[in-house]
Each structure stands twice: as C-alpha cells, then as structure tokens.
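Shown below: data22.pdb, with PDB, C-alpha atoms, pLDDT in the B column.
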```
ATOM      1  CA  MET A   1     139.132 -43.004  79.482  1.00 94.00           C
ATOM      2  CA  THR A   2     137.538 -42.940  76.017  1.00 97.00           C
ATOM      3  CA  TYR A   3     138.923 -46.302  74.944  1.00 98.00           C
ATOM      4  CA  ALA A   4     138.031 -48.009  78.257  1.00 98.00           C
ATOM      5  CA  LEU A   5     134.492 -46.655  78.045  1.00 98.00           C
ATOM      6  CA  VAL A   6     134.119 -47.975  74.493  1.00 98.00           C
ATOM      7  CA  LEU A   7     135.216 -51.424  75.689  1.00 98.00           C
ATOM      8  CA  ALA A   8     132.746 -51.244  78.578  1.00 98.00           C
ATOM      9  CA  PHE A   9     130.000 -50.309  76.120  1.00 98.00           C
ATOM     10  CA  ILE A  10     130.797 -53.380  73.982  1.00 98.00           C
ATOM     11  CA  VAL A  11     130.815 -55.680  77.033  1.00 98.00           C
ATOM     12  CA  VAL A  12     127.489 -54.358  78.323  1.00 98.00           C
ATOM     13  CA  GLY A  13     125.964 -54.063  74.846  1.00 97.00           C
ATOM     14  CA  SER A  14     126.638 -57.730  74.080  1.00 98.00           C
ATOM     15  CA  GLY A  15     126.657 -59.266  77.571  1.00 98.00           C
ATOM     16  CA  TRP A  16     122.916 -58.913  78.142  1.00 98.00           C
ATOM     17  CA  LEU A  17     122.363 -61.405  75.301  1.00 98.00           C
ATOM     18  CA  GLU A  18     123.666 -64.220  77.531  1.00 97.00           C
ATOM     19  CA  LEU A  19     120.870 -63.542  80.032  1.00 96.00           C
ATOM     20  CA  VAL A  20     117.940 -62.441  77.906  1.00 96.00           C
ATOM     21  CA  LEU A  21     118.532 -64.515  74.765  1.00 97.00           C
ATOM     22  CA  ARG A  22     120.072 -67.341  76.780  1.00 96.00           C
ATOM     23  CA  THR A  23     123.001 -67.727  74.425  1.00 97.00           C
ATOM     24  CA  ARG A  24     124.832 -70.055  76.846  1.00 97.00           C
ATOM     25  CA  VAL A  25     128.216 -68.876  75.675  1.00 98.00           C
ATOM     26  CA  PHE A  26     129.648 -68.593  79.195  1.00 98.00           C
ATOM     27  CA  ARG A  27     128.215 -72.019  79.974  1.00 97.00           C
ATOM     28  CA  ARG A  28     130.508 -73.253  77.169  1.00 98.00           C
ATOM     29  CA  TRP A  29     133.530 -71.571  78.744  1.00 98.00           C
ATOM     30  CA  LYS A  30     136.186 -74.054  77.589  1.00 97.00           C
ATOM     31  CA  ARG A  31     135.135 -73.602  73.972  1.00 98.00           C
ATOM     32  CA  LEU A  32     135.014 -69.836  74.526  1.00 98.00           C
ATOM     33  CA  LEU A  33     138.472 -69.605  76.099  1.00 98.00           C
ATOM     34  CA  LEU A  34     140.074 -71.768  73.428  1.00 98.00           C
ATOM     35  CA  THR A  35     138.479 -69.660  70.695  1.00 98.00           C
ATOM     36  CA  LEU A  36     139.672 -66.417  72.287  1.00 98.00           C
ATOM     37  CA  VAL A  37     143.261 -67.678  72.608  1.00 98.00           C
ATOM     38  CA  VAL A  38     143.407 -68.946  69.013  1.00 98.00           C
ATOM     39  CA  VAL A  39     141.868 -65.782  67.550  1.00 98.00           C
ATOM     40  CA  CYS A  40     143.589 -63.143  69.685  1.00 98.00           C
ATOM     41  CA  LEU A  41     147.114 -64.448  69.166  1.00 98.00           C
ATOM     42  CA  PRO A  42     147.489 -63.639  65.437  1.00 98.00           C
ATOM     43  CA  PHE A  43     145.629 -60.331  65.767  1.00 98.00           C
ATOM     44  CA  LEU A  44     147.780 -59.236  68.711  1.00 98.00           C
ATOM     45  CA  LEU A  45     150.909 -60.082  66.722  1.00 97.00           C
ATOM     46  CA  TRP A  46     149.595 -58.002  63.818  1.00 97.00           C
ATOM     47  CA  ASP A  47     148.756 -55.179  66.211  1.00 98.00           C
ATOM     48  CA  ALA A  48     152.167 -55.287  67.893  1.00 97.00           C
ATOM     49  CA  TYR A  49     153.821 -55.167  64.458  1.00 97.00           C
ATOM     50  CA  ALA A  50     151.617 -52.263  63.311  1.00 97.00           C
ATOM     51  CA  ILE A  51     152.403 -50.293  66.475  1.00 97.00           C
ATOM     52  CA  SER A  52     156.140 -51.025  66.159  1.00 97.00           C
ATOM     53  CA  VAL A  53     156.331 -49.751  62.550  1.00 97.00           C
ATOM     54  CA  GLY A  54     154.036 -46.807  63.266  1.00 97.00           C
ATOM     55  CA  HIS A  55     150.937 -47.753  61.266  1.00 98.00           C
ATOM     56  CA  TRP A  56     148.864 -46.438  64.178  1.00 98.00           C
ATOM     57  CA  TRP A  57     149.337 -44.958  67.630  1.00 97.00           C
ATOM     58  CA  PHE A  58     147.238 -43.855  70.578  1.00 97.00           C
ATOM     59  CA  GLU A  59     146.490 -40.559  72.263  1.00 97.00           C
ATOM     60  CA  PRO A  60     147.704 -40.942  75.876  1.00 96.00           C
ATOM     61  CA  SER A  61     145.112 -38.519  77.295  1.00 96.00           C
ATOM     62  CA  GLN A  62     142.311 -40.893  76.166  1.00 97.00           C
ATOM     63  CA  LEU A  63     143.803 -43.975  77.873  1.00 98.00           C
ATOM     64  CA  VAL A  64     143.946 -45.243  81.456  1.00 97.00           C
ATOM     65  CA  GLY A  65     147.723 -45.207  81.154  1.00 95.00           C
ATOM     66  CA  VAL A  66     148.751 -48.851  81.498  1.00 97.00           C
ATOM     67  CA  SER A  67     150.923 -50.110  78.625  1.00 95.00           C
ATOM     68  CA  LEU A  68     152.568 -53.404  77.743  1.00 94.00           C
ATOM     69  CA  PRO A  69     156.327 -53.620  77.072  1.00 88.00           C
ATOM     70  CA  GLY A  70     155.891 -53.134  73.285  1.00 88.00           C
ATOM     71  CA  GLY A  71     153.936 -49.936  73.864  1.00 91.00           C
ATOM     72  CA  MET A  72     150.501 -51.503  73.386  1.00 97.00           C
ATOM     73  CA  PRO A  73     147.932 -49.894  75.686  1.00 98.00           C
ATOM     74  CA  LEU A  74     146.019 -52.231  77.998  1.00 98.00           C
ATOM     75  CA  GLU A  75     142.787 -51.244  76.248  1.00 98.00           C
ATOM     76  CA  GLU A  76     144.167 -52.399  72.889  1.00 98.00           C
ATOM     77  CA  LEU A  77     145.110 -55.784  74.377  1.00 98.00           C
ATOM     78  CA  LEU A  78     141.584 -56.165  75.758  1.00 98.00           C
ATOM     79  CA  PHE A  79     139.956 -55.017  72.512  1.00 98.00           C
ATOM     80  CA  PHE A  80     140.460 -58.390  70.813  1.00 98.00           C
ATOM     81  CA  PRO A  81     138.911 -60.719  73.428  1.00 98.00           C
ATOM     82  CA  VAL A  82     136.117 -58.194  74.054  1.00 98.00           C
ATOM     83  CA  VAL A  83     135.188 -57.960  70.362  1.00 98.00           C
ATOM     84  CA  ALA A  84     135.580 -61.708  69.791  1.00 98.00           C
ATOM     85  CA  LEU A  85     133.272 -62.407  72.743  1.00 98.00           C
ATOM     86  CA  ALA A  86     130.737 -59.897  71.395  1.00 98.00           C
ATOM     87  CA  ALA A  87     130.852 -61.635  67.995  1.00 98.00           C
ATOM     88  CA  ILE A  88     130.166 -65.058  69.526  1.00 98.00           C
ATOM     89  CA  LEU A  89     127.340 -63.687  71.681  1.00 98.00           C
ATOM     90  CA  THR A  90     125.793 -62.002  68.629  1.00 98.00           C
ATOM     91  CA  LEU A  91     125.906 -65.157  66.489  1.00 98.00           C
ATOM     92  CA  GLU A  92     124.446 -67.264  69.291  1.00 98.00           C
ATOM     93  CA  ALA A  93     121.772 -64.611  69.895  1.00 98.00           C
ATOM     94  CA  VAL A  94     120.745 -64.870  66.228  1.00 98.00           C
ATOM     95  CA  ARG A  95     120.614 -68.639  66.618  1.00 97.00           C
ATOM     96  CA  SER A  96     118.608 -68.295  69.826  1.00 96.00           C
ATOM     97  CA  VAL A  97     115.898 -66.400  67.971  1.00 97.00           C
ATOM     98  CA  LEU A  98     115.923 -68.187  64.603  1.00 96.00           C
ATOM     99  CA  ASP A  99     117.021 -71.714  65.533  1.00 92.00           C
ATOM    100  CA  PRO A 100     116.615 -72.167  69.299  1.00 90.00           C
ATOM    101  CA  ALA A 101     117.420 -75.293  71.222  1.00 86.00           C
ATOM    102  CA  PRO A 102     114.314 -77.329  72.062  1.00 82.00           C
ATOM    103  CA  ALA A 103     112.980 -76.725  75.565  1.00 69.00           C
ATOM    104  CA  GLU A 104     113.972 -80.265  76.586  1.00 57.00           C
ATOM    105  CA  GLU A 105     117.592 -79.295  76.166  1.00 52.00           C
ATOM    106  CA  ASP A 106     117.329 -76.906  79.120  1.00 52.00           C
ATOM    107  CA  ALA A 107     120.129 -77.811  81.454  1.00 51.00           C
TER     108      ALA A 107
ATOM    109  CA  MET B   1     153.471 -53.884  54.356  1.00 79.00           C
ATOM    110  CA  SER B   2     150.924 -51.122  54.790  1.00 96.00           C
ATOM    111  CA  TYR B   3     147.781 -51.455  56.865  1.00 97.00           C
ATOM    112  CA  THR B   4     145.891 -51.581  53.551  1.00 97.00           C
ATOM    113  CA  ALA B   5     147.850 -54.617  52.343  1.00 97.00           C
ATOM    114  CA  ILE B   6     147.672 -56.519  55.633  1.00 98.00           C
ATOM    115  CA  ALA B   7     143.953 -55.790  56.017  1.00 98.00           C
ATOM    116  CA  LEU B   8     143.167 -57.213  52.572  1.00 98.00           C
ATOM    117  CA  LEU B   9     145.512 -60.161  53.089  1.00 98.00           C
ATOM    118  CA  SER B  10     143.861 -60.973  56.426  1.00 98.00           C
ATOM    119  CA  VAL B  11     140.440 -61.264  54.783  1.00 98.00           C
ATOM    120  CA  ALA B  12     141.850 -63.607  52.120  1.00 98.00           C
ATOM    121  CA  VAL B  13     143.577 -65.772  54.736  1.00 98.00           C
ATOM    122  CA  VAL B  14     140.482 -65.993  56.938  1.00 98.00           C
ATOM    123  CA  LEU B  15     138.258 -66.828  53.943  1.00 98.00           C
ATOM    124  CA  VAL B  16     140.614 -69.690  53.025  1.00 98.00           C
ATOM    125  CA  LEU B  17     140.519 -70.899  56.625  1.00 98.00           C
ATOM    126  CA  ASP B  18     136.712 -70.748  56.777  1.00 98.00           C
ATOM    127  CA  LEU B  19     136.058 -72.392  53.407  1.00 98.00           C
ATOM    128  CA  LEU B  20     138.975 -74.750  52.829  1.00 98.00           C
ATOM    129  CA  VAL B  21     140.933 -75.446  56.005  1.00 98.00           C
ATOM    130  CA  LEU B  22     138.421 -75.495  58.867  1.00 98.00           C
ATOM    131  CA  ARG B  23     135.540 -76.050  56.430  1.00 98.00           C
ATOM    132  CA  THR B  24     133.184 -74.222  58.763  1.00 98.00           C
ATOM    133  CA  ARG B  25     131.664 -72.324  55.792  1.00 98.00           C
ATOM    134  CA  MET B  26     130.428 -69.486  57.971  1.00 98.00           C
ATOM    135  CA  VAL B  27     130.261 -67.129  54.964  1.00 98.00           C
ATOM    136  CA  LEU B  28     127.696 -69.449  53.378  1.00 98.00           C
ATOM    137  CA  ARG B  29     125.378 -69.324  56.417  1.00 98.00           C
ATOM    138  CA  PRO B  30     122.594 -66.712  56.623  1.00 98.00           C
ATOM    139  CA  HIS B  31     122.918 -66.589  60.432  1.00 98.00           C
ATOM    140  CA  PHE B  32     126.506 -65.400  60.062  1.00 98.00           C
ATOM    141  CA  TRP B  33     125.472 -62.514  57.803  1.00 98.00           C
ATOM    142  CA  ILE B  34     122.632 -61.459  60.102  1.00 98.00           C
ATOM    143  CA  ALA B  35     125.079 -61.388  63.021  1.00 98.00           C
ATOM    144  CA  TYR B  36     127.636 -59.517  60.930  1.00 98.00           C
ATOM    145  CA  ALA B  37     125.069 -56.915  59.852  1.00 98.00           C
ATOM    146  CA  ILE B  38     124.340 -56.221  63.524  1.00 98.00           C
ATOM    147  CA  MET B  39     128.024 -56.064  64.387  1.00 98.00           C
ATOM    148  CA  ILE B  40     129.148 -53.761  61.588  1.00 98.00           C
ATOM    149  CA  GLY B  41     126.600 -51.203  62.765  1.00 98.00           C
ATOM    150  CA  PHE B  42     128.153 -51.246  66.230  1.00 98.00           C
ATOM    151  CA  GLN B  43     131.627 -51.284  64.671  1.00 98.00           C
ATOM    152  CA  PHE B  44     130.886 -48.029  62.821  1.00 98.00           C
ATOM    153  CA  LEU B  45     129.542 -46.500  66.030  1.00 98.00           C
ATOM    154  CA  THR B  46     132.326 -47.519  68.427  1.00 98.00           C
ATOM    155  CA  ASN B  47     135.065 -46.979  65.865  1.00 98.00           C
ATOM    156  CA  ALA B  48     133.742 -43.498  65.097  1.00 98.00           C
ATOM    157  CA  VAL B  49     134.147 -42.683  68.789  1.00 98.00           C
ATOM    158  CA  LEU B  50     137.717 -44.031  68.864  1.00 98.00           C
ATOM    159  CA  THR B  51     138.879 -42.378  65.641  1.00 98.00           C
ATOM    160  CA  GLY B  52     136.756 -39.208  65.790  1.00 98.00           C
ATOM    161  CA  SER B  53     138.162 -38.493  69.266  1.00 98.00           C
ATOM    162  CA  GLN B  54     141.638 -39.275  67.856  1.00 98.00           C
ATOM    163  CA  THR B  55     142.146 -41.892  70.556  1.00 98.00           C
ATOM    164  CA  VAL B  56     143.565 -44.008  67.711  1.00 98.00           C
ATOM    165  CA  GLN B  57     145.520 -42.266  64.943  1.00 98.00           C
ATOM    166  CA  TYR B  58     146.918 -43.554  61.673  1.00 98.00           C
ATOM    167  CA  ALA B  59     149.995 -42.851  59.590  1.00 97.00           C
ATOM    168  CA  ASP B  60     149.368 -41.385  56.166  1.00 97.00           C
ATOM    169  CA  ALA B  61     151.834 -43.879  54.652  1.00 97.00           C
ATOM    170  CA  ALA B  62     149.940 -46.872  56.074  1.00 98.00           C
ATOM    171  CA  ILE B  63     146.415 -46.204  54.753  1.00 97.00           C
ATOM    172  CA  VAL B  64     144.781 -45.231  51.442  1.00 97.00           C
ATOM    173  CA  GLY B  65     143.075 -42.290  53.146  1.00 95.00           C
ATOM    174  CA  VAL B  66     144.351 -39.228  54.906  1.00 96.00           C
ATOM    175  CA  GLY B  67     146.596 -39.854  57.918  1.00 97.00           C
ATOM    176  CA  ASN B  68     146.530 -38.042  61.236  1.00 97.00           C
ATOM    177  CA  ASP B  69     150.187 -37.072  60.770  1.00 95.00           C
ATOM    178  CA  THR B  70     149.603 -35.090  57.557  1.00 95.00           C
ATOM    179  CA  LEU B  71     146.225 -33.636  58.576  1.00 92.00           C
ATOM    180  CA  PRO B  72     146.181 -32.905  62.304  1.00 90.00           C
ATOM    181  CA  GLY B  73     142.858 -32.599  64.061  1.00 94.00           C
ATOM    182  CA  GLN B  74     139.693 -34.596  63.539  1.00 96.00           C
ATOM    183  CA  PRO B  75     139.791 -36.724  60.351  1.00 97.00           C
ATOM    184  CA  PRO B  76     137.005 -36.413  57.716  1.00 97.00           C
ATOM    185  CA  PHE B  77     133.681 -37.979  58.745  1.00 98.00           C
ATOM    186  CA  ILE B  78     133.240 -39.535  55.289  1.00 97.00           C
ATOM    187  CA  GLY B  79     135.594 -39.239  52.326  1.00 96.00           C
ATOM    188  CA  GLY B  80     139.347 -39.071  51.960  1.00 95.00           C
ATOM    189  CA  GLY B  81     139.624 -42.788  52.603  1.00 97.00           C
ATOM    190  CA  ARG B  82     137.718 -42.396  55.855  1.00 97.00           C
ATOM    191  CA  LEU B  83     134.366 -43.931  56.709  1.00 98.00           C
ATOM    192  CA  PHE B  84     132.763 -42.508  59.867  1.00 98.00           C
ATOM    193  CA  TYR B  85     136.182 -41.071  60.809  1.00 98.00           C
ATOM    194  CA  ALA B  86     137.866 -44.519  60.633  1.00 98.00           C
ATOM    195  CA  PRO B  87     140.182 -45.696  57.854  1.00 98.00           C
ATOM    196  CA  VAL B  88     138.247 -47.749  55.289  1.00 98.00           C
ATOM    197  CA  GLU B  89     140.749 -50.544  55.996  1.00 98.00           C
ATOM    198  CA  ASP B  90     138.991 -51.084  59.323  1.00 98.00           C
ATOM    199  CA  VAL B  91     136.077 -52.718  57.470  1.00 98.00           C
ATOM    200  CA  SER B  92     138.458 -55.439  56.241  1.00 98.00           C
ATOM    201  CA  PHE B  93     140.124 -55.733  59.606  1.00 98.00           C
ATOM    202  CA  GLY B  94     136.816 -56.032  61.436  1.00 98.00           C
ATOM    203  CA  PHE B  95     135.426 -58.566  59.010  1.00 98.00           C
ATOM    204  CA  ALA B  96     138.545 -60.747  59.345  1.00 98.00           C
ATOM    205  CA  LEU B  97     138.368 -60.577  63.146  1.00 98.00           C
ATOM    206  CA  VAL B  98     134.672 -61.454  63.283  1.00 98.00           C
ATOM    207  CA  LEU B  99     134.871 -64.217  60.674  1.00 98.00           C
ATOM    208  CA  LEU B 100     137.930 -65.858  62.207  1.00 98.00           C
ATOM    209  CA  THR B 101     136.315 -65.736  65.652  1.00 98.00           C
ATOM    210  CA  LEU B 102     133.073 -67.343  64.518  1.00 98.00           C
ATOM    211  CA  ALA B 103     134.791 -69.926  62.291  1.00 98.00           C
ATOM    212  CA  VAL B 104     137.041 -71.043  65.157  1.00 98.00           C
ATOM    213  CA  TRP B 105     134.108 -71.051  67.611  1.00 98.00           C
ATOM    214  CA  GLN B 106     132.116 -73.189  65.155  1.00 98.00           C
ATOM    215  CA  PHE B 107     135.057 -75.488  64.400  1.00 98.00           C
ATOM    216  CA  ILE B 108     135.760 -76.245  68.048  1.00 98.00           C
ATOM    217  CA  GLY B 109     132.081 -76.965  68.676  1.00 97.00           C
ATOM    218  CA  ASP B 110     131.858 -79.199  65.606  1.00 97.00           C
ATOM    219  CA  ARG B 111     134.835 -81.159  66.920  1.00 96.00           C
ATOM    220  CA  GLY B 112     132.819 -81.953  70.051  1.00 94.00           C
ATOM    221  CA  LEU B 113     134.221 -79.527  72.637  1.00 94.00           C
ATOM    222  CA  GLN B 114     131.104 -78.121  74.293  1.00 95.00           C
ATOM    223  CA  ALA B 115     128.933 -78.261  71.194  1.00 93.00           C
ATOM    224  CA  GLY B 116     126.087 -77.771  73.674  1.00 89.00           C
ATOM    225  CA  PRO B 117     124.135 -76.573  75.478  1.00 95.00           C
ATOM    226  CA  ARG B 118     122.793 -74.811  72.407  1.00 94.00           C
ATOM    227  CA  SER B 119     121.567 -71.248  72.602  1.00 94.00           C
ATOM    228  CA  GLY B 120     117.953 -70.295  73.168  1.00 91.00           C
ATOM    229  CA  PRO B 121     115.107 -70.067  73.316  1.00 94.00           C
ATOM    230  CA  PRO B 122     115.033 -66.383  74.342  1.00 94.00           C
ATOM    231  CA  MET B 123     113.756 -65.575  77.823  1.00 91.00           C
ATOM    232  CA  TRP B 124     110.462 -64.214  76.498  1.00 90.00           C
ATOM    233  CA  ARG B 125     109.722 -67.525  74.799  1.00 86.00           C
ATOM    234  CA  ARG B 126     110.392 -69.696  77.835  1.00 70.00           C
ATOM    235  CA  GLY B 127     107.575 -72.140  78.316  1.00 61.00           C
ATOM    236  CA  ALA B 128     106.186 -71.286  74.911  1.00 54.00           C
ATOM    237  CA  SER B 129     108.454 -73.774  73.144  1.00 51.00           C
ATOM    238  CA  PRO B 130     106.802 -76.931  71.825  1.00 52.00           C
ATOM    239  CA  ARG B 131     107.183 -79.752  74.296  1.00 49.00           C
ATOM    240  CA  SER B 132     106.942 -83.470  73.736  1.00 45.00           C
ATOM    241  CA  PRO B 133     103.397 -84.853  74.279  1.00 49.00           C
ATOM    242  CA  GLY B 134     104.299 -86.717  77.465  1.00 43.00           C
ATOM    243  CA  ARG B 135     105.293 -83.598  79.378  1.00 36.00           C
TER     244      ARG B 135
END
```

Is it possible to express this structure as structure tokens?
Amino acid sequence: MTYALVLAFIVVGSGWLELVLRTRVFRRWKRLLLTLVVVCLPFLLWDAYAISVGHWWFEPSQLVGVSLPGGMPLEELLFFPVVALAAILTLEAVRSVLDPAPAEEDA
Amino acid sequence: MSYTAIALLSVAVVLVLDLLVLRTRMVLRPHFWIAYAIMIGFQFLTNAVLTGSQTVQYADAAIVGVGNDTLPGQPPFIGGGRLFYAPVEDVSFGFALVLLTLAVWQFIGDRGLQAGPRSGPPMWRRGASPRSPGR
C-alpha cells in the first residue's frame, strides 16, 4: 500500500489549496483535463518504455496489485495526473497569495 | 537510452517547448520558481518514501548511481548517485514533469480556454480585498 498512500498524501497535501487558497483549478475543469491529457501522454509512454526495457521496476508487496497490460502498476498510471494536478494547484496557490484576483471577480 | 540520457533530454525538450514553441516562458517567472521550490521539497519527501522502501527500484545500467540489482537492500540515503534514496536523475524527471504541466496549463489559459476565474484571494483575506468605491 506504500505507493497508494504516497499518492493519497499528494492529493490531500495539495487538494486543500483549492478550498483555503481558492485556487479555482477545479472550477476550470476543461483546462485542467486538457492539460492532464497532454502532459500525461508523453510521460506515460516514457514510463512504459522504461518499464519494458527494465530501467525500473516495482516491489509487488508495496502495491495494491492492479497492473495494466504492459506491467505498469495502477499507482504508476495515477502518479502522473496526481503530480500534475498538485503542480497546478501549487502554482495557482502562489498566485492566490501574491497576485490574487480582485474581489469583484468572485463568481 | 539510459534513464540518465532520457531525463536530461526531457528537460531540454520541455525548456524548448516553454521558451520557443509555446512561448509560455514559465522559467522566467518568479511565481513558477516559488511553486517549484515548494514542490521539490515534497518531491524529496515522497520520493524518499518510494525509493527508501524499495517500492520503486532501478537498474544499475540505467542510472549514474548504484542500482538496486547490484546492491540489494536499501539504497544510500545520500551519495552513490542517490539523493534522499532516489536516483539523482529524478530531479531532472520531476522538473520536466512540473515545467511541462505548468507551461501547458498556462498555454491553454492564454489561448482563452478557461483563463478565469483567476485564483485567490485566499480564504483568510476574503472581504479584506480592496473594493471599488461604489460597493
């Protein structure tokens, strides 16, 4: 469960920014989804290649046990959208503090 | 290609995308570097858990440091091509992933797909923001 718990930590550790710093990333869900698709595709291809040639591998006892056809664990597939989302939330949190939208823009 | 080569190549490709192709110029923005400084701290932490626990293991032939196949057990904490248990290549990999994500996010917004609502102000500043005189 180690890998799944790390992913959960990233989701929780960045997700609170949407509420408390009002990052409005989920409000911009089309832009978010498009970004995740564009970014995750090349990195998943790289990852699938690296797994296939044996650059890295995973310890089964630390995983939930669901794998994709190429041998990629489910956690590894989820790693990319989870980290990309955390990156966007972090940037927008910095903007929220240092360059916030004017109050009139509240929707 | 080794992980080392691909990791370095990925940073070069993403820098070209950010500066020349998408022209988002994230690496020239202070906000990007503040966000990245926060993220690399969490990267070191979460990656140390994944690599220190040997959930993810690396081939000696693929990295500059010591691989899990030639040295079984927990990898070095620092040294031997490892930084907080993880291969040093992960710094490149993480930077490329973060920069590509934020450049694409910025690019799509700049092109008019959900440029707003903008972020902020933080919850604790609600009502404290300057308002126009008529309100």

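Within the file as shown, the ChimeraX specification (/B :<6) & /A identifies A:Val20, A:Leu21, A:Arg22, A:Thr23, A:Arg24, A:Arg28, A:Thr35, A:Val39, A:His55, A:Trp56, A:Trp57, A:Phe58, A:Glu59, A:Gln62, A:Ala84, A:Thr90, A:Leu91, A:Glu92, A:Ser96, A:Pro100, A:Ala101, A:Ala103.
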
Specify as a compact mmCIF listing (two decimals) with C-alpha atoms, keeping the file's coordinate frame each residue included when the PyMOL selection byres ((chain B and resi 74) around 7) is applied to this file.
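What landed in out11.txt:
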```
# COMPACT_ATOMS: atom_id res chain seq x y z
CA GLY B 52 136.76 -39.21 65.79
CA GLN B 54 141.64 -39.28 67.86
CA PRO B 72 146.18 -32.90 62.30
CA GLY B 73 142.86 -32.60 64.06
CA PRO B 75 139.79 -36.72 60.35
CA PRO B 76 137.00 -36.41 57.72
```

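Atom pair CA of Val82 (chain A) / CA of Val11 (chain A) has a distance of 6.6 Å (rounded to one decimal).
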
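Going from CA of Ala48 (chain A) to CA of Val21 (chain B) covers 26.0 Å.
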
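CA of Ile88 (chain A) to CA of Met26 (chain B) spans 12.4 Å [interatomic distance, one decimal].
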
Residue contacts of region 74-76 of chain A (8 Å, only C-alpha atoms) excluding same-chain residues fewer than 3 positions away, as a count of residues only = 10

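Residue nearest Leu36 (chain A), chosen from A:Ile10, A:Leu78, A:Val64, A:Met1 and counting only C-alpha atoms: A:Leu78.
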
I'd like to see the residues matched by the PyMOL selection byres ((chain B and resi 80) around 6) on this file, and ideally I'd get them as an mmCIF file with C-alpha atoms, in the coordinates of the input.
```
data_model
loop_
_atom_site.group_PDB
_atom_site.id
_atom_site.type_symbol
_atom_site.label_atom_id
_atom_site.label_comp_id
_atom_site.auth_asym_id
_atom_site.auth_seq_id
_atom_site.Cartn_x
_atom_site.Cartn_y
_atom_site.Cartn_z
ATOM 1 C CA GLY B 65 143.075 -42.290 53.146
ATOM 2 C CA VAL B 66 144.351 -39.228 54.906
ATOM 3 C CA GLY B 79 135.594 -39.239 52.326
ATOM 4 C CA GLY B 81 139.624 -42.788 52.603
ATOM 5 C CA ARG B 82 137.718 -42.396 55.855
#
```

Missing atoms in region 18-35 of chain B: can you complete it with N, CA and C atoms, as a PDB file, in the coordinates of the input?
```
ATOM      1  N   ASP B  18     138.133 -70.429  56.589  1.00 98.00           N
ATOM      2  CA  ASP B  18     136.712 -70.748  56.777  1.00 98.00           C
ATOM      3  C   ASP B  18     136.221 -71.759  55.731  1.00 98.00           C
ATOM      4  N   LEU B  19     136.630 -71.578  54.484  1.00 98.00           N
ATOM      5  CA  LEU B  19     136.058 -72.392  53.407  1.00 98.00           C
ATOM      6  C   LEU B  19     136.848 -73.676  53.145  1.00 98.00           C
ATOM      7  N   LEU B  20     138.160 -73.627  53.283  1.00 98.00           N
ATOM      8  CA  LEU B  20     138.975 -74.750  52.829  1.00 98.00           C
ATOM      9  C   LEU B  20     139.702 -75.498  53.945  1.00 98.00           C
ATOM     10  N   VAL B  21     140.127 -74.794  54.970  1.00 98.00           N
ATOM     11  CA  VAL B  21     140.933 -75.446  56.005  1.00 98.00           C
ATOM     12  C   VAL B  21     140.035 -75.969  57.131  1.00 98.00           C
ATOM     13  N   LEU B  22     139.320 -75.075  57.786  1.00 98.00           N
ATOM     14  CA  LEU B  22     138.421 -75.495  58.867  1.00 98.00           C
ATOM     15  C   LEU B  22     137.116 -76.064  58.311  1.00 98.00           C
ATOM     16  N   ARG B  23     136.772 -75.641  57.107  1.00 98.00           N
ATOM     17  CA  ARG B  23     135.540 -76.050  56.430  1.00 98.00           C
ATOM     18  C   ARG B  23     134.289 -75.736  57.252  1.00 98.00           C
ATOM     19  N   THR B  24     134.333 -74.633  57.968  1.00 98.00           N
ATOM     20  CA  THR B  24     133.184 -74.222  58.763  1.00 98.00           C
ATOM     21  C   THR B  24     132.130 -73.517  57.906  1.00 98.00           C
ATOM     22  N   ARG B  25     132.572 -72.944  56.774  1.00 98.00           N
ATOM     23  CA  ARG B  25     131.664 -72.324  55.792  1.00 98.00           C
ATOM     24  C   ARG B  25     130.724 -71.300  56.420  1.00 98.00           C
ATOM     25  N   MET B  26     131.264 -70.506  57.337  1.00 98.00           N
ATOM     26  CA  MET B  26     130.428 -69.486  57.971  1.00 98.00           C
ATOM     27  C   MET B  26     129.881 -68.486  56.952  1.00 98.00           C
ATOM     28  N   VAL B  27     130.697 -68.149  55.931  1.00 98.00           N
ATOM     29  CA  VAL B  27     130.261 -67.129  54.964  1.00 98.00           C
ATOM     30  C   VAL B  27     129.129 -67.633  54.065  1.00 98.00           C
ATOM     31  N   LEU B  28     128.820 -68.922  54.154  1.00 98.00           N
ATOM     32  CA  LEU B  28     127.696 -69.449  53.378  1.00 98.00           C
ATOM     33  C   LEU B  28     126.439 -69.585  54.234  1.00 98.00           C
ATOM     34  N   ARG B  29     126.518 -69.167  55.502  1.00 98.00           N
ATOM     35  CA  ARG B  29     125.378 -69.324  56.417  1.00 98.00           C
ATOM     36  C   ARG B  29     124.665 -67.990  56.618  1.00 98.00           C
ATOM     37  N   PRO B  30     123.352 -67.952  56.390  1.00 98.00           N
ATOM     38  CA  PRO B  30     122.594 -66.712  56.623  1.00 98.00           C
ATOM     39  C   PRO B  30     122.740 -66.174  58.049  1.00 98.00           C
ATOM     40  N   HIS B  31     122.799 -67.054  59.043  1.00 98.00           N
ATOM     41  CA  HIS B  31     122.918 -66.589  60.432  1.00 98.00           C
ATOM     42  C   HIS B  31     124.182 -65.763  60.641  1.00 98.00           C
ATOM     43  N   PHE B  32     125.260 -66.170  59.956  1.00 98.00           N
ATOM     44  CA  PHE B  32     126.506 -65.400  60.062  1.00 98.00           C
ATOM     45  C   PHE B  32     126.293 -63.974  59.561  1.00 98.00           C
ATOM     46  N   TRP B  33     125.634 -63.841  58.409  1.00 98.00           N
ATOM     47  CA  TRP B  33     125.472 -62.514  57.803  1.00 98.00           C
ATOM     48  C   TRP B  33     124.520 -61.636  58.597  1.00 98.00           C
ATOM     49  N   ILE B  34     123.515 -62.241  59.229  1.00 98.00           N
ATOM     50  CA  ILE B  34     122.632 -61.459  60.102  1.00 98.00           C
ATOM     51  C   ILE B  34     123.442 -60.934  61.287  1.00 98.00           C
ATOM     52  N   ALA B  35     124.244 -61.808  61.889  1.00 98.00           N
ATOM     53  CA  ALA B  35     125.079 -61.388  63.021  1.00 98.00           C
ATOM     54  C   ALA B  35     126.072 -60.315  62.581  1.00 98.00           C
TER      55      ALA B  35
END
```
